[in-house]
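Note: the block below is work-v4.cif and it holds mmCIF, C-alpha atoms.
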```cif
data_model
#
loop_
_atom_site.label_atom_id
_atom_site.label_comp_id
_atom_site.auth_asym_id
_atom_site.auth_seq_id
_atom_site.Cartn_x
_atom_site.Cartn_y
_atom_site.Cartn_z
CA MET A 1 0.00 0.00 0.00
CA THR A 2 1.35 3.40 -0.99
CA ILE A 3 -0.15 6.62 0.41
CA SER A 4 0.72 10.02 -1.03
CA ILE A 5 -0.16 13.28 0.72
CA ILE A 6 -0.09 16.49 -1.29
CA GLY A 7 0.78 19.45 0.94
CA ALA A 8 3.14 19.79 3.90
CA GLY A 9 0.94 22.08 5.98
CA PRO A 10 -0.29 21.21 9.49
CA GLY A 11 -3.02 18.90 8.17
CA GLY A 12 -0.84 16.90 5.80
CA LEU A 13 2.00 16.61 8.29
CA THR A 14 -0.33 15.56 11.13
CA CYS A 15 -1.75 12.81 8.94
CA ALA A 16 1.75 11.63 8.01
CA ARG A 17 2.92 11.62 11.63
CA ILE A 18 -0.01 9.56 12.91
CA LEU A 19 0.28 7.11 10.02
CA GLN A 20 3.95 6.60 10.85
CA GLN A 21 3.06 6.15 14.53
CA HIS A 22 0.94 3.20 13.38
CA GLY A 23 3.59 1.77 11.08
CA VAL A 24 1.90 2.87 7.84
CA PRO A 25 4.34 4.15 5.19
CA VAL A 26 3.52 7.52 3.63
CA THR A 27 5.12 10.11 1.35
CA VAL A 28 4.38 13.85 1.44
CA TYR A 29 4.90 16.07 -1.62
CA ASP A 30 5.15 19.85 -1.30
CA ARG A 31 5.76 22.59 -3.84
CA ASP A 32 8.12 24.61 -1.60
CA PRO A 33 11.77 24.01 -2.54
CA HIS A 34 12.71 23.61 1.15
CA PRO A 35 11.04 24.04 4.57
CA ALA A 36 12.22 27.65 5.04
CA ALA A 37 11.31 28.83 1.52
CA ARG A 38 8.56 31.21 2.68
CA ASN A 39 7.02 32.69 5.77
CA GLN A 40 4.41 30.31 7.14
CA GLY A 41 2.05 33.00 8.41
CA GLY A 42 0.96 34.31 11.77
CA THR A 43 -0.20 32.84 15.02
CA LEU A 44 -3.04 30.38 15.52
CA ASP A 45 -4.87 28.87 18.46
CA LEU A 46 -5.12 25.11 18.84
CA HIS A 47 -8.29 24.00 20.60
CA ALA A 48 -8.47 21.30 23.24
CA ASP A 49 -11.34 19.54 21.43
CA ASP A 50 -9.78 19.20 17.98
CA GLY A 51 -6.24 20.45 17.24
CA GLN A 52 -4.90 19.32 20.61
CA LEU A 53 -6.66 15.96 20.26
CA ALA A 54 -4.76 15.39 17.03
CA LEU A 55 -1.45 16.32 18.65
CA ARG A 56 -2.15 13.95 21.53
CA GLU A 57 -2.75 11.13 19.06
CA ALA A 58 0.49 12.14 17.30
CA GLY A 59 2.40 11.93 20.58
CA LEU A 60 3.34 15.62 20.38
CA LEU A 61 1.13 17.35 22.93
CA ASP A 62 3.88 17.94 25.50
CA GLU A 63 6.16 19.38 22.84
CA PHE A 64 3.31 21.64 21.72
CA PHE A 65 2.75 23.02 25.22
CA ALA A 66 6.49 23.71 25.52
CA LEU A 67 6.21 26.04 22.50
CA ALA A 68 2.69 27.41 22.95
CA ARG A 69 1.75 30.73 24.52
CA PRO A 70 -1.23 30.39 26.92
CA GLU A 71 -0.98 34.13 27.58
CA GLY A 72 -1.85 34.61 23.91
CA GLN A 73 -5.48 33.84 24.82
CA GLU A 74 -5.79 37.41 26.12
CA MET A 75 -8.26 39.43 24.03
CA ARG A 76 -9.11 43.13 24.04
CA LYS A 77 -12.00 44.74 22.16
CA LEU A 78 -11.99 48.49 21.63
CA ASP A 79 -14.13 51.03 19.85
CA PRO A 80 -12.73 53.20 17.02
CA ALA A 81 -11.89 55.90 19.57
CA GLY A 82 -9.59 53.46 21.35
CA ARG A 83 -11.82 52.97 24.41
CA LEU A 84 -11.70 49.48 25.94
CA LEU A 85 -15.04 47.68 25.60
CA ALA A 86 -14.12 44.16 26.74
CA HIS A 87 -11.02 42.42 28.03
CA HIS A 88 -10.49 38.69 28.47
CA VAL A 89 -7.47 37.69 30.55
CA PRO A 90 -6.87 33.91 30.61
CA ALA A 91 -6.97 32.30 34.02
CA GLU A 92 -3.82 30.70 35.37
CA GLY A 93 -3.51 27.26 33.80
CA GLU A 94 -6.09 27.98 31.07
CA LEU A 95 -5.10 25.81 28.11
CA PHE A 96 -8.24 25.55 26.01
CA LYS A 97 -6.77 27.39 23.00
CA PRO A 98 -3.18 28.58 23.52
CA GLU A 99 -1.44 30.33 20.64
CA ILE A 100 1.48 29.06 18.60
CA ASP A 101 3.16 30.50 15.51
CA ARG A 102 2.22 28.57 12.40
CA GLY A 103 5.90 28.14 11.53
CA GLN A 104 6.64 26.67 14.96
CA LEU A 105 3.80 24.17 14.63
CA ARG A 106 5.00 23.15 11.18
CA GLY A 107 8.54 22.74 12.48
CA LEU A 108 7.32 20.56 15.36
CA LEU A 109 5.48 18.26 12.96
CA LEU A 110 8.30 18.13 10.42
CA ASP A 111 10.86 17.20 13.06
CA SER A 112 8.66 14.31 14.19
CA LEU A 113 8.66 12.58 10.80
CA LYS A 114 11.09 9.98 9.52
CA PRO A 115 13.87 11.30 7.27
CA ASP A 116 12.89 11.89 3.64
CA THR A 117 9.16 11.64 4.34
CA VAL A 118 8.63 15.03 2.68
CA HIS A 119 9.74 15.48 -0.93
CA TRP A 120 10.32 19.19 -1.44
CA GLY A 121 10.08 21.10 -4.71
CA ARG A 122 7.35 18.83 -6.08
CA THR A 123 4.48 20.91 -7.49
CA LEU A 124 1.46 18.86 -8.45
CA ASP A 125 0.04 19.69 -11.86
CA ARG A 126 -2.97 17.40 -11.69
CA VAL A 127 -4.34 14.02 -10.73
CA GLU A 128 -4.04 12.44 -14.15
CA ALA A 129 -5.93 9.21 -13.50
CA PRO A 130 -6.97 7.11 -10.52
CA GLY A 131 -3.80 6.67 -8.51
CA ARG A 132 -1.56 8.73 -10.80
CA LEU A 133 0.00 12.06 -9.88
CA ARG A 134 1.54 14.27 -12.55
CA PHE A 135 3.93 16.96 -11.37
CA THR A 136 4.84 20.15 -13.21
CA ASP A 137 8.28 18.78 -14.06
CA GLY A 138 6.58 16.07 -16.14
CA GLU A 139 7.25 13.21 -13.73
CA THR A 140 4.44 10.91 -12.63
CA VAL A 141 3.95 8.88 -9.46
CA GLU A 142 1.69 5.87 -9.11
CA THR A 143 0.07 5.51 -5.70
CA ASP A 144 -2.77 3.60 -4.06
CA LEU A 145 -4.25 6.58 -2.19
CA ILE A 146 -4.00 10.31 -2.84
CA ILE A 147 -4.74 12.66 0.06
CA GLY A 148 -5.29 16.27 -0.94
CA ALA A 149 -4.03 18.45 1.91
CA ASP A 150 -3.04 21.23 -0.47
CA GLY A 151 -5.23 24.06 0.71
CA ALA A 152 -7.67 26.52 -0.82
CA TRP A 153 -6.53 26.11 -4.43
CA SER A 154 -6.06 22.35 -4.24
CA ARG A 155 -4.83 20.54 -7.34
CA VAL A 156 -6.29 17.31 -5.96
CA ARG A 157 -9.85 18.62 -5.44
CA PRO A 158 -10.82 18.43 -9.16
CA ALA A 159 -10.45 14.65 -8.95
CA VAL A 160 -13.56 14.54 -6.74
CA SER A 161 -15.34 17.87 -7.16
CA ALA A 162 -15.84 20.70 -9.64
CA ALA A 163 -16.28 23.23 -6.81
CA VAL A 164 -13.98 26.25 -6.72
CA PRO A 165 -13.55 28.83 -3.94
CA GLU A 166 -15.72 31.93 -4.20
CA TYR A 167 -14.84 35.42 -2.97
CA THR A 168 -16.71 36.29 0.23
CA GLY A 169 -16.69 40.06 -0.31
CA ILE A 170 -14.37 40.56 2.68
CA THR A 171 -10.65 41.23 2.33
CA PHE A 172 -7.81 41.12 4.84
CA LEU A 173 -4.77 43.32 4.34
CA GLU A 174 -1.90 42.09 6.49
CA ALA A 175 0.66 44.43 8.08
CA TRP A 176 3.77 43.32 9.99
CA PHE A 177 5.44 44.98 12.98
CA ASP A 178 8.87 43.88 14.23
CA ASP A 179 10.77 44.60 17.47
CA VAL A 180 7.54 46.02 18.83
CA ARG A 181 8.70 46.70 22.39
CA ASN A 182 11.36 49.09 21.14
CA ALA A 183 10.10 50.24 17.75
CA HIS A 184 6.32 50.26 18.37
CA PRO A 185 5.76 50.75 22.13
CA GLU A 186 2.21 52.14 21.80
CA LEU A 187 1.10 49.16 19.75
CA ASP A 188 2.92 46.84 22.13
CA GLU A 189 0.92 48.22 25.06
CA LEU A 190 -2.36 48.27 23.14
CA VAL A 191 -2.22 44.64 22.03
CA GLY A 192 -0.93 43.12 25.26
CA GLN A 193 0.03 39.45 25.26
CA GLY A 194 -2.69 38.28 22.87
CA SER A 195 -4.97 40.11 20.47
CA ALA A 196 -6.77 43.42 20.18
CA MET A 197 -9.49 44.47 17.77
CA ALA A 198 -11.71 47.43 16.95
CA ALA A 199 -14.59 47.66 14.47
CA ASP A 200 -17.19 50.20 13.35
CA GLY A 201 -19.64 48.01 11.43
CA GLU A 202 -17.91 48.50 8.07
CA ARG A 203 -14.24 47.89 8.79
CA CYS A 204 -12.02 46.36 11.45
CA LEU A 205 -8.45 46.39 12.73
CA PHE A 206 -7.36 43.08 14.28
CA ALA A 207 -3.89 42.80 15.84
CA GLN A 208 -2.28 39.55 17.04
CA ARG A 209 0.86 39.04 19.08
CA ASN A 210 3.29 36.55 17.53
CA SER A 211 6.38 35.12 19.16
CA GLY A 212 9.74 36.83 18.81
CA ASP A 213 8.41 40.33 19.59
CA HIS A 214 6.33 40.52 16.40
CA ILE A 215 2.75 41.64 15.83
CA ARG A 216 0.59 41.09 12.76
CA VAL A 217 -2.34 43.36 12.01
CA TYR A 218 -5.22 42.45 9.72
CA ILE A 219 -7.03 45.41 8.15
CA ILE A 220 -10.48 44.05 7.32
CA GLN A 221 -12.99 45.65 4.92
CA ARG A 222 -15.74 44.90 2.42
CA MET A 223 -13.93 45.55 -0.84
CA PRO A 224 -13.57 44.11 -4.36
CA ALA A 225 -11.10 41.22 -4.35
CA ASP A 226 -8.60 43.14 -6.49
CA TRP A 227 -8.88 46.54 -4.81
CA VAL A 228 -5.13 46.87 -4.12
CA ALA A 229 -4.04 45.85 -7.63
CA GLY A 230 -1.33 48.14 -8.96
CA GLY A 231 -1.10 50.29 -5.83
CA ASP A 232 2.20 50.82 -4.03
CA THR A 233 2.49 50.96 -0.23
CA ALA A 234 2.11 54.75 -0.02
CA GLU A 235 -0.97 54.78 -2.25
CA ILE A 236 -2.63 51.92 -0.37
CA ARG A 237 -1.87 53.59 2.96
CA ALA A 238 -3.47 56.84 1.80
CA ARG A 239 -6.63 54.99 0.76
CA LEU A 240 -6.75 53.19 4.10
CA LEU A 241 -6.37 56.41 6.09
CA GLU A 242 -9.26 57.88 4.16
CA ALA A 243 -11.42 54.82 4.89
CA PHE A 244 -10.49 54.85 8.61
CA SER A 245 -10.79 58.63 8.98
CA GLY A 246 -11.80 59.63 12.49
CA TRP A 247 -10.35 56.57 14.22
CA SER A 248 -8.05 56.95 17.22
CA PRO A 249 -4.47 58.01 16.31
CA VAL A 250 -3.16 55.06 18.35
CA LEU A 251 -5.27 52.62 16.33
CA LEU A 252 -4.23 54.28 13.08
CA ARG A 253 -0.63 53.31 13.87
CA MET A 254 -1.70 49.82 12.80
CA ILE A 255 -2.07 51.32 9.31
CA THR A 256 0.79 53.83 9.17
CA ASP A 257 3.69 52.28 11.12
CA ASN A 258 4.03 48.81 9.63
CA ASP A 259 7.44 47.44 8.69
CA GLY A 260 7.44 46.63 4.98
CA PRO A 261 4.61 46.39 2.45
CA TYR A 262 1.06 45.20 3.03
CA VAL A 263 0.07 41.65 2.09
CA ASP A 264 -3.27 41.27 0.33
CA ARG A 265 -5.39 38.35 1.56
CA PRO A 266 -8.93 38.39 0.10
CA LEU A 267 -11.13 35.78 1.75
CA PHE A 268 -12.47 32.89 -0.31
CA ALA A 269 -14.71 30.01 0.75
CA LEU A 270 -16.02 26.82 -0.82
CA PRO A 271 -19.76 26.42 -1.48
CA VAL A 272 -21.78 25.12 1.47
CA PRO A 273 -22.20 22.20 1.72
CA HIS A 274 -19.23 20.86 -0.21
CA THR A 275 -19.59 17.12 -0.77
CA TRP A 276 -18.58 14.57 -3.39
CA GLU A 277 -19.09 10.98 -4.40
CA GLN A 278 -16.74 8.68 -2.56
CA ARG A 279 -13.76 7.29 -4.43
CA PRO A 280 -11.55 4.67 -2.76
CA TRP A 281 -8.31 6.10 -4.17
CA VAL A 282 -8.57 9.79 -3.27
CA THR A 283 -9.83 12.05 -0.48
CA LEU A 284 -9.37 15.56 0.87
CA LEU A 285 -8.74 17.18 4.23
CA GLY A 286 -8.57 20.71 5.63
CA ASP A 287 -9.07 23.70 3.33
CA ALA A 288 -8.96 21.45 0.27
CA ALA A 289 -12.16 19.86 1.57
CA HIS A 290 -13.92 22.72 3.36
CA LEU A 291 -12.39 26.16 2.93
CA MET A 292 -14.09 28.57 5.37
CA PRO A 293 -13.53 32.12 6.66
CA PRO A 294 -10.50 32.36 9.02
CA LEU A 295 -12.35 32.32 12.34
CA GLY A 296 -10.19 29.97 14.38
CA VAL A 297 -11.38 26.67 12.95
CA GLY A 298 -9.28 26.09 9.81
CA VAL A 299 -6.11 24.51 11.17
CA ASN A 300 -7.99 22.84 14.00
CA LEU A 301 -10.38 21.13 11.60
CA ALA A 302 -7.54 20.20 9.24
CA MET A 303 -5.66 18.49 12.06
CA LEU A 304 -8.79 16.71 13.31
CA ASP A 305 -9.49 15.55 9.75
CA ALA A 306 -5.90 14.33 9.48
CA CYS A 307 -6.10 12.43 12.76
CA GLU A 308 -9.37 10.70 11.91
CA LEU A 309 -8.23 9.80 8.40
CA ALA A 310 -4.93 8.37 9.63
CA LEU A 311 -6.67 6.28 12.31
CA ALA A 312 -9.20 5.02 9.75
CA LEU A 313 -6.38 4.00 7.41
CA ALA A 314 -4.50 2.26 10.22
CA GLY A 315 -7.58 0.38 11.39
CA SER A 316 -9.43 -0.60 8.21
CA ALA A 317 -9.07 -3.66 6.02
CA THR A 318 -9.06 -1.71 2.74
CA LEU A 319 -8.40 1.82 1.55
CA GLY A 320 -11.97 2.15 0.33
CA GLU A 321 -13.32 1.18 3.73
CA ALA A 322 -11.01 3.71 5.44
CA VAL A 323 -11.99 6.54 3.10
CA GLY A 324 -15.67 5.72 3.63
CA VAL A 325 -15.35 5.73 7.43
CA TYR A 326 -13.45 9.03 7.37
CA GLU A 327 -15.72 10.88 4.93
CA ALA A 328 -18.88 9.68 6.70
CA THR A 329 -17.80 11.76 9.70
CA MET A 330 -15.80 14.57 8.10
CA LEU A 331 -18.26 15.67 5.41
CA PRO A 332 -21.34 16.26 7.61
CA ARG A 333 -19.23 17.84 10.36
CA SER A 334 -17.54 20.29 8.02
CA ALA A 335 -20.85 21.09 6.30
CA GLU A 336 -22.47 21.98 9.62
CA ILE A 337 -19.55 24.17 10.73
CA ALA A 338 -19.38 25.83 7.30
CA ARG A 339 -23.09 26.65 7.50
CA ARG A 340 -22.57 28.32 10.88
CA LEU A 341 -19.57 30.29 9.64
CA LYS A 342 -20.78 31.10 6.13
CA ASN A 343 -21.16 34.80 6.90
CA GLY A 344 -18.83 34.75 9.86
CA ALA A 345 -16.32 37.16 8.36
CA GLU A 346 -19.07 39.79 8.45
CA GLY A 347 -19.12 39.38 12.22
CA LEU A 348 -15.55 40.69 12.45
CA LEU A 349 -16.87 44.04 11.24
CA ASP A 350 -19.58 44.18 13.90
CA ARG A 351 -19.09 47.03 16.36
CA ASP A 352 -20.87 45.16 19.20
#
```
Translate the structure of the given file into C-alpha cells.
Amino acid sequence: MTISIIGAGPGGLTCARILQQHGVPVTVYDRDPHPAARNQGGTLDLHADDGQLALREAGLLDEFFALARPEGQEMRKLDPAGRLLAHHVPAEGELFKPEIDRGQLRGLLLDSLKPDTVHWGRTLDRVEAPGRLRFTDGETVETDLIIGADGAWSRVRPAVSAAVPEYTGITFLEAWFDDVRNAHPELDELVGQGSAMAADGERCLFAQRNSGDHIRVYIIQRMPADWVAGGDTAEIRARLLEAFSGWSPVLLRMITDNDGPYVDRPLFALPVPHTWEQRPWVTLLGDAAHLMPPLGVGVNLAMLDACELALALAGSATLGEAVGVYEATMLPRSAEIARRLKNGAEGLLDRD
C-alpha cells in the first residue's frame, strides 16, 4: 500500500505523523523548494477539542505546550476611539486554545517525521488518473491513495469535485510589525500578550501578538477582491487612512507604522455544503475539503481531519473502507460548521 499526501501544511503533516506512529508508510509532496522557503504565516490557536486531540494522538502534545503561549489567549476589544469595551485575561492554567506560531507548529510536525518523508520542490500539476500524480516537471507517481491536503486552491480537489472557492466580499490586508517593544511601544501596550481588535460596522483592525516580539495586524474591509491591484504601499496607505478617517491616532498606527509592504489576503470560501461521491483512491482534508472564513477553525479542523483519516487508514481492512469511514464523519461535520460560519467574516466588522 502506498499513500501520497499532497501538501506539507499542518493537516498533511499531522496525517503523516499519525500514520507513521501506526507503522503505515507515507510520502508527502510539497511545492516549496525547502522548509524555510517562505514565511508560514501568523499565530493560531489550537483548541483542546480538535487540534490538541490530534497532537495527543500524534504523541506531540507535551512538545506543543512547551512552544505554545497560553498568555496569547488574552483578548481586548476596543471602539474606534480606542476605548476598551471588553477584556479577556486567561486564568492561570487555562489551556483551552493557547497560541502558537504557524511556523513553529509546522517545524514541530516536520521534526517528528522519519527522514525523507517530505519530498520538497514537487508541485502537483494534476491528478491524471486514478492513482496517478503528474507533477509540473513532467514526472508521474503511481500511488494507491491520494490525500489532498493542499489548501484553498487544491490541485487534488478536481479529482472529486468541480467546486472552486468563491470570494466572500471581505478582504484582509496584512501588516507586519517587528521589534515592537522598542520600535512600536504604543502598539505593544495596546495589544498586550494576545490580540486586540476594533470595528465600526464596516471595517475592522485586528492585531495579534506573535512570538519573537512581532505583531501582525489584519485590516479588514468589504472591498472588491482586487482593490489593491497596482497600488504601491504609499498609495494603499493613503486609501486606508481615508477609509479609517476619524479613528483613534493610536489605532491608526496599525495602518501607518508597519514594517514593509502590506500583504493582500482576500477571503475565499467553498460552497456550502461541499460534498462529493466517494472514491476509494482519493480524499481531501482541511481547506482542500472545506475552505471557510478564518475564524479559528481552519487549522484545528484540518488536524482533526488528518487524525481521523490516519486512524481510519490504520484500522481498516481496505483503503476504500477507510476513506468511507473518514468521509462519513468529516463531510457532515464540516458542512455543519461551514453553514454556521458562512457569513462569519461579516461578524468581524460588527461594532458590538
Grab the atom CA of A:Arg265 to atom CA of A:Glu99 distance for me, in Å with one decimal place.
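It comes out at 21.1 Å.
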With the PyMOL selection byres ((chain A and resi 309) around 9) as the selection, what would be picked from this file? Answer as a list in words, please.
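Taken on the displayed file, the PyMOL selection byres ((chain A and resi 309) around 9) yields the residues Cys15, Leu285, Leu304, Asp305, Ala306, Cys307, Glu308, Ala310, Leu311, Ala312, Leu313, Ala314, Ala322, Val323, Val325, Tyr326, Glu327 and Met330 of chain A.
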Carefully work through the PyMOL selection byres ((chain A and resi 6) around 6) for this structure and note down the residues it includes, as a PyMOL selection string.
chain A and resi 5+7+28-29+148-150
If the PyMOL selection byres ((chain A and resi 301) around 9) were run on this exact file, what residues would it hold? Put them as a PyMOL selection string.
chain A and resi 11+50-51+285-287+297-300+302-306+334
Between atom CA of A:Ala37 and atom CA of A:Trp176, measure the distance and give it in Å to one decimal.
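Interatomic distance, atom CA of A:Ala37 to atom CA of A:Trp176: 18.4 Å.
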Please produce, as a Markdown table, a per-residue contact table for stretch 215-297 of chain A versus stretch 107-128 of chain A (criterion: any atom at most 12 Å away, only C-alpha atoms considered), showing the nearest atom pair and its distance in Å to one decimal, sorted by chain then residue number.
```
| residue | atom | partner | partner_atom | distance |
| --- | --- | --- | --- | --- |
| A:Trp281 | CA | A:Val127 | CA | 11.0 |
| A:Val282 | CA | A:Val127 | CA | 9.6 |
| A:Thr283 | CA | A:Val127 | CA | 11.8 |
```
From the options A:Leu173, A:Ala48, A:Ala288, A:Ala162, which residue's atoms come nearest to A:Lys97, counting only C-alpha atoms?
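The closest residue to A:Lys97 is A:Ala48.
Straight-line separation from atom CA of A:Asp101 to atom CA of A:Val180: 16.5 Å.
Of the residues listed (A:Pro332, A:Gly315, A:Pro266, A:Gly201), A:Gly315 shows the shortest atom-to-atom separation from A:Gly23; distances use only C-alpha atoms.
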Pick out the residues sitting within 8 Å of A:Arg157, and hand them over as number ranges by chain; count all atoms listed in the file, and ignore anything fewer than 2 positions along from it in its own chain.
A: 148, 154-155, 159-162, 284, 288-289
Find the spatial neighbours of A:Leu105, counting only C-alpha atoms, within a cut-off of 8 Å - ignore same-chain residues fewer than 5 positions away - and output them as number ranges by chain.
A: 10, 64, 100
Print the selection's residues with C-alpha atoms to a file, as a tab-separated table (two decimals), in the frame of the given file.
```
chain	number	residue	atom	x	y	z
A	10	PRO	CA	-0.29	21.21	9.49
A	64	PHE	CA	3.31	21.64	21.72
A	100	ILE	CA	1.48	29.06	18.60
```
Around the point (-1.4, 6.9, -4.3) (coordinates from the file), which residues reach within 8 Å if we count all atoms listed in the file? Answer as number ranges by chain.
A: 2-4, 131-133, 141-147, 281-282
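Distances from A:Val164, A:Val24, A:Leu319, A:Ala16 to A:Gln278 were compared using all atoms listed in the file, and the smallest one belongs to A:Leu319.
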Using only C-alpha atoms, which protein or nucleic acid residues come within 7 Å of A:His274? Drop anything in the same chain fewer than 2 positions from it, and give the result as a compact mmCIF listing (two decimals) with C-alpha atoms, in the coordinates of the input.
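So result39.txt came out as:
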```txt
# COMPACT_ATOMS: atom_id res chain seq x y z
CA LEU A 270 -16.02 26.82 -0.82
CA PRO A 271 -19.76 26.42 -1.48
CA VAL A 272 -21.78 25.12 1.47
CA HIS A 290 -13.92 22.72 3.36
CA ALA A 335 -20.85 21.09 6.30
```
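Here the question is which of A:Asn39, A:Gln52, A:Thr168, A:Gln21 gets nearest to A:Leu341 using all atoms listed in the file, and that residue is A:Thr168.
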My list of candidates is A:Arg279, A:Arg222, A:Arg83, A:Arg17. Which is closest to A:Cys204 when distances are computed with only C-alpha atoms?
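For A:Cys204, the nearest of the given residues is A:Arg222.
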Close residues, stretch 208-215 of chain A itself excluded, 7 Å, all atoms listed in the file, min 2 positions apart in chain, as a list in words
Gly42, Thr43, Asp101, Trp176, Phe177, Asp178, Asp179, Val180, Arg181, Gln193, Gly194, Ser195, Ala196, Phe206 and Val217 of chain A
Using all atoms listed in the file, what residues lie at most 7 Å away from (-1.3, 34.4, 24.4) (file coordinates), given as an mmCIF file with C-alpha atoms, in the coordinates of the input?
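File written: selection00.cif
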```
data_model
loop_
_atom_site.group_PDB
_atom_site.id
_atom_site.type_symbol
_atom_site.label_atom_id
_atom_site.label_comp_id
_atom_site.auth_asym_id
_atom_site.auth_seq_id
_atom_site.Cartn_x
_atom_site.Cartn_y
_atom_site.Cartn_z
ATOM 1 C CA ARG A 69 1.750 30.730 24.520
ATOM 2 C CA PRO A 70 -1.230 30.390 26.920
ATOM 3 C CA GLU A 71 -0.980 34.130 27.580
ATOM 4 C CA GLY A 72 -1.850 34.610 23.910
ATOM 5 C CA GLN A 73 -5.480 33.840 24.820
ATOM 6 C CA GLU A 74 -5.790 37.410 26.120
ATOM 7 C CA PRO A 98 -3.180 28.580 23.520
ATOM 8 C CA GLU A 99 -1.440 30.330 20.640
ATOM 9 C CA GLN A 193 0.030 39.450 25.260
ATOM 10 C CA GLY A 194 -2.690 38.280 22.870
#
```
Which residues are near stretch 227-242 of chain A? Cut-off 8 Å, all atoms listed in the file, ignore same chain within fewer than 5 positions. Put them as a count of residues only.
6
Once all heavy atoms are restored for stretch 28-34 of chain A, what would the output be as a PDB file, keeping the file's coordinate frame?
```pdb
ATOM      1  N   VAL A  28       4.986  12.529   1.556  1.00  0.00           N
ATOM      2  CA  VAL A  28       4.380  13.850   1.440  1.00  0.00           C
ATOM      3  C   VAL A  28       5.100  14.613   0.333  1.00  0.00           C
ATOM      4  O   VAL A  28       6.336  14.627   0.288  1.00  0.00           O
ATOM      5  CB  VAL A  28       4.474  14.634   2.765  1.00  0.00           C
ATOM      6  CG1 VAL A  28       3.811  16.005   2.630  1.00  0.00           C
ATOM      7  CG2 VAL A  28       3.844  13.840   3.904  1.00  0.00           C
ATOM      8  N   TYR A  29       4.330  15.250  -0.546  1.00  0.00           N
ATOM      9  CA  TYR A  29       4.900  16.070  -1.620  1.00  0.00           C
ATOM     10  C   TYR A  29       4.483  17.530  -1.380  1.00  0.00           C
ATOM     11  O   TYR A  29       3.314  17.818  -1.119  1.00  0.00           O
ATOM     12  CB  TYR A  29       4.388  15.618  -2.982  1.00  0.00           C
ATOM     13  CG  TYR A  29       4.758  14.197  -3.327  1.00  0.00           C
ATOM     14  CD1 TYR A  29       3.879  13.146  -3.066  1.00  0.00           C
ATOM     15  CD2 TYR A  29       5.992  13.906  -3.913  1.00  0.00           C
ATOM     16  CE1 TYR A  29       4.215  11.845  -3.379  1.00  0.00           C
ATOM     17  CE2 TYR A  29       6.336  12.596  -4.231  1.00  0.00           C
ATOM     18  CZ  TYR A  29       5.451  11.574  -3.962  1.00  0.00           C
ATOM     19  OH  TYR A  29       5.789  10.272  -4.272  1.00  0.00           O
ATOM     20  N   ASP A  30       5.457  18.439  -1.494  1.00  0.00           N
ATOM     21  CA  ASP A  30       5.150  19.850  -1.300  1.00  0.00           C
ATOM     22  C   ASP A  30       5.876  20.684  -2.346  1.00  0.00           C
ATOM     23  O   ASP A  30       7.016  20.378  -2.727  1.00  0.00           O
ATOM     24  CB  ASP A  30       5.566  20.310   0.101  1.00  0.00           C
ATOM     25  CG  ASP A  30       4.959  21.655   0.471  1.00  0.00           C
ATOM     26  OD1 ASP A  30       3.851  21.669   1.040  1.00  0.00           O
ATOM     27  OD2 ASP A  30       5.583  22.697   0.188  1.00  0.00           O
ATOM     28  N   ARG A  31       5.210  21.755  -2.770  1.00  0.00           N
ATOM     29  CA  ARG A  31       5.760  22.590  -3.840  1.00  0.00           C
ATOM     30  C   ARG A  31       6.924  23.458  -3.374  1.00  0.00           C
ATOM     31  O   ARG A  31       7.743  23.884  -4.196  1.00  0.00           O
ATOM     32  CB  ARG A  31       4.680  23.482  -4.434  1.00  0.00           C
ATOM     33  CG  ARG A  31       4.123  24.503  -3.450  1.00  0.00           C
ATOM     34  CD  ARG A  31       3.016  25.329  -4.060  1.00  0.00           C
ATOM     35  NE  ARG A  31       2.518  26.321  -3.125  1.00  0.00           N
ATOM     36  CZ  ARG A  31       1.528  27.166  -3.411  1.00  0.00           C
ATOM     37  NH1 ARG A  31       0.950  27.113  -4.603  1.00  0.00           N
ATOM     38  NH2 ARG A  31       1.129  28.037  -2.518  1.00  0.00           N
ATOM     39  N   ASP A  32       7.010  23.783  -2.078  1.00  0.00           N
ATOM     40  CA  ASP A  32       8.120  24.610  -1.600  1.00  0.00           C
ATOM     41  C   ASP A  32       9.444  23.909  -1.865  1.00  0.00           C
ATOM     42  O   ASP A  32       9.553  22.693  -1.660  1.00  0.00           O
ATOM     43  CB  ASP A  32       7.989  24.886  -0.100  1.00  0.00           C
ATOM     44  CG  ASP A  32       6.918  25.915   0.224  1.00  0.00           C
ATOM     45  OD1 ASP A  32       6.423  26.566  -0.711  1.00  0.00           O
ATOM     46  OD2 ASP A  32       6.588  26.064   1.415  1.00  0.00           O
ATOM     47  N   PRO A  33      10.482  24.652  -2.274  1.00  0.00           N
ATOM     48  CA  PRO A  33      11.770  24.010  -2.540  1.00  0.00           C
ATOM     49  C   PRO A  33      12.451  23.490  -1.278  1.00  0.00           C
ATOM     50  O   PRO A  33      13.251  22.565  -1.348  1.00  0.00           O
ATOM     51  CB  PRO A  33      12.596  25.119  -3.200  1.00  0.00           C
ATOM     52  CG  PRO A  33      11.934  26.393  -2.810  1.00  0.00           C
ATOM     53  CD  PRO A  33      10.487  26.080  -2.657  1.00  0.00           C
ATOM     54  N   HIS A  34      12.145  24.064  -0.129  1.00  0.00           N
ATOM     55  CA  HIS A  34      12.710  23.610   1.150  1.00  0.00           C
ATOM     56  C   HIS A  34      11.824  24.143   2.268  1.00  0.00           C
ATOM     57  O   HIS A  34      11.000  25.055   2.046  1.00  0.00           O
ATOM     58  CB  HIS A  34      14.165  24.045   1.312  1.00  0.00           C
ATOM     59  CG  HIS A  34      14.385  25.517   1.140  1.00  0.00           C
ATOM     60  ND1 HIS A  34      14.149  26.436   2.138  1.00  0.00           N
ATOM     61  CD2 HIS A  34      14.798  26.241   0.069  1.00  0.00           C
ATOM     62  CE1 HIS A  34      14.416  27.651   1.713  1.00  0.00           C
ATOM     63  NE2 HIS A  34      14.816  27.565   0.450  1.00  0.00           N
TER      64      HIS A  34
END
```
